[in-house]
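A quick write-up on the structure given underneath.
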Amino acid sequence: MKKRFEYKTVVVKPKVSFWTVEYDPNEMDKTLNKYGNEGWELLSVESREYMGTYIFHYTFKREQ
């Protein structure tokens, strides 16, 4: 029987205030741990510029 996988992409945005853009490593870890505990494996992280700042796309997969 062939292995089957499903994929999920999660967008992580920074906290933006008038003067700052912040990435909270603890919040990023919470996101990674949440999906890891659900059986998702992180495949890639891609950063994309969005309105002068960067957002991250985490792509996960898990076996069905």
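As shown in the structure tokens, the chain order sets the letters A, B, ...; within each chain, residues go from 1, and ligands are also counted from 1 in the order they appear.
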
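For Arg48 of chain A, the non-local neighbours within 12 Å, defined as residues at least 2 positions apart in the same chain or in other chains and counting only C-alpha atoms, are Val11, Val12, Lys13, Pro14, Val45, Glu46, Tyr50, Met51, Gly52, Thr53, Tyr54, Ile55, Phe56, His57 and Tyr58 of chain A.
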
To test your reading of the structure, identify every residue in segment 4-50 of chain A that backbone DSSP assigns to helix (DSSP H, G or I), and report it as a PyMOL selection string. chain A and resi 25-37

Would you work out the distance separating atom CA of Tyr7 of chain A from atom CA of Trp40 of chain A, expressed in Å to one decimal? 8.4 Å

Considering only C-alpha atoms, can you say which of A:Arg4, A:Lys61, A:Glu22, A:Thr31 comes closest to Leu43 of chain A? A:Lys61

Output as a count of residues only all residues of chain A that backbone DSSP marks as strand (DSSP E). 33

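Across the model, the gap from atom CA of Lys8 of chain A to atom CA of Arg62 of chain A is 8.7 Å.
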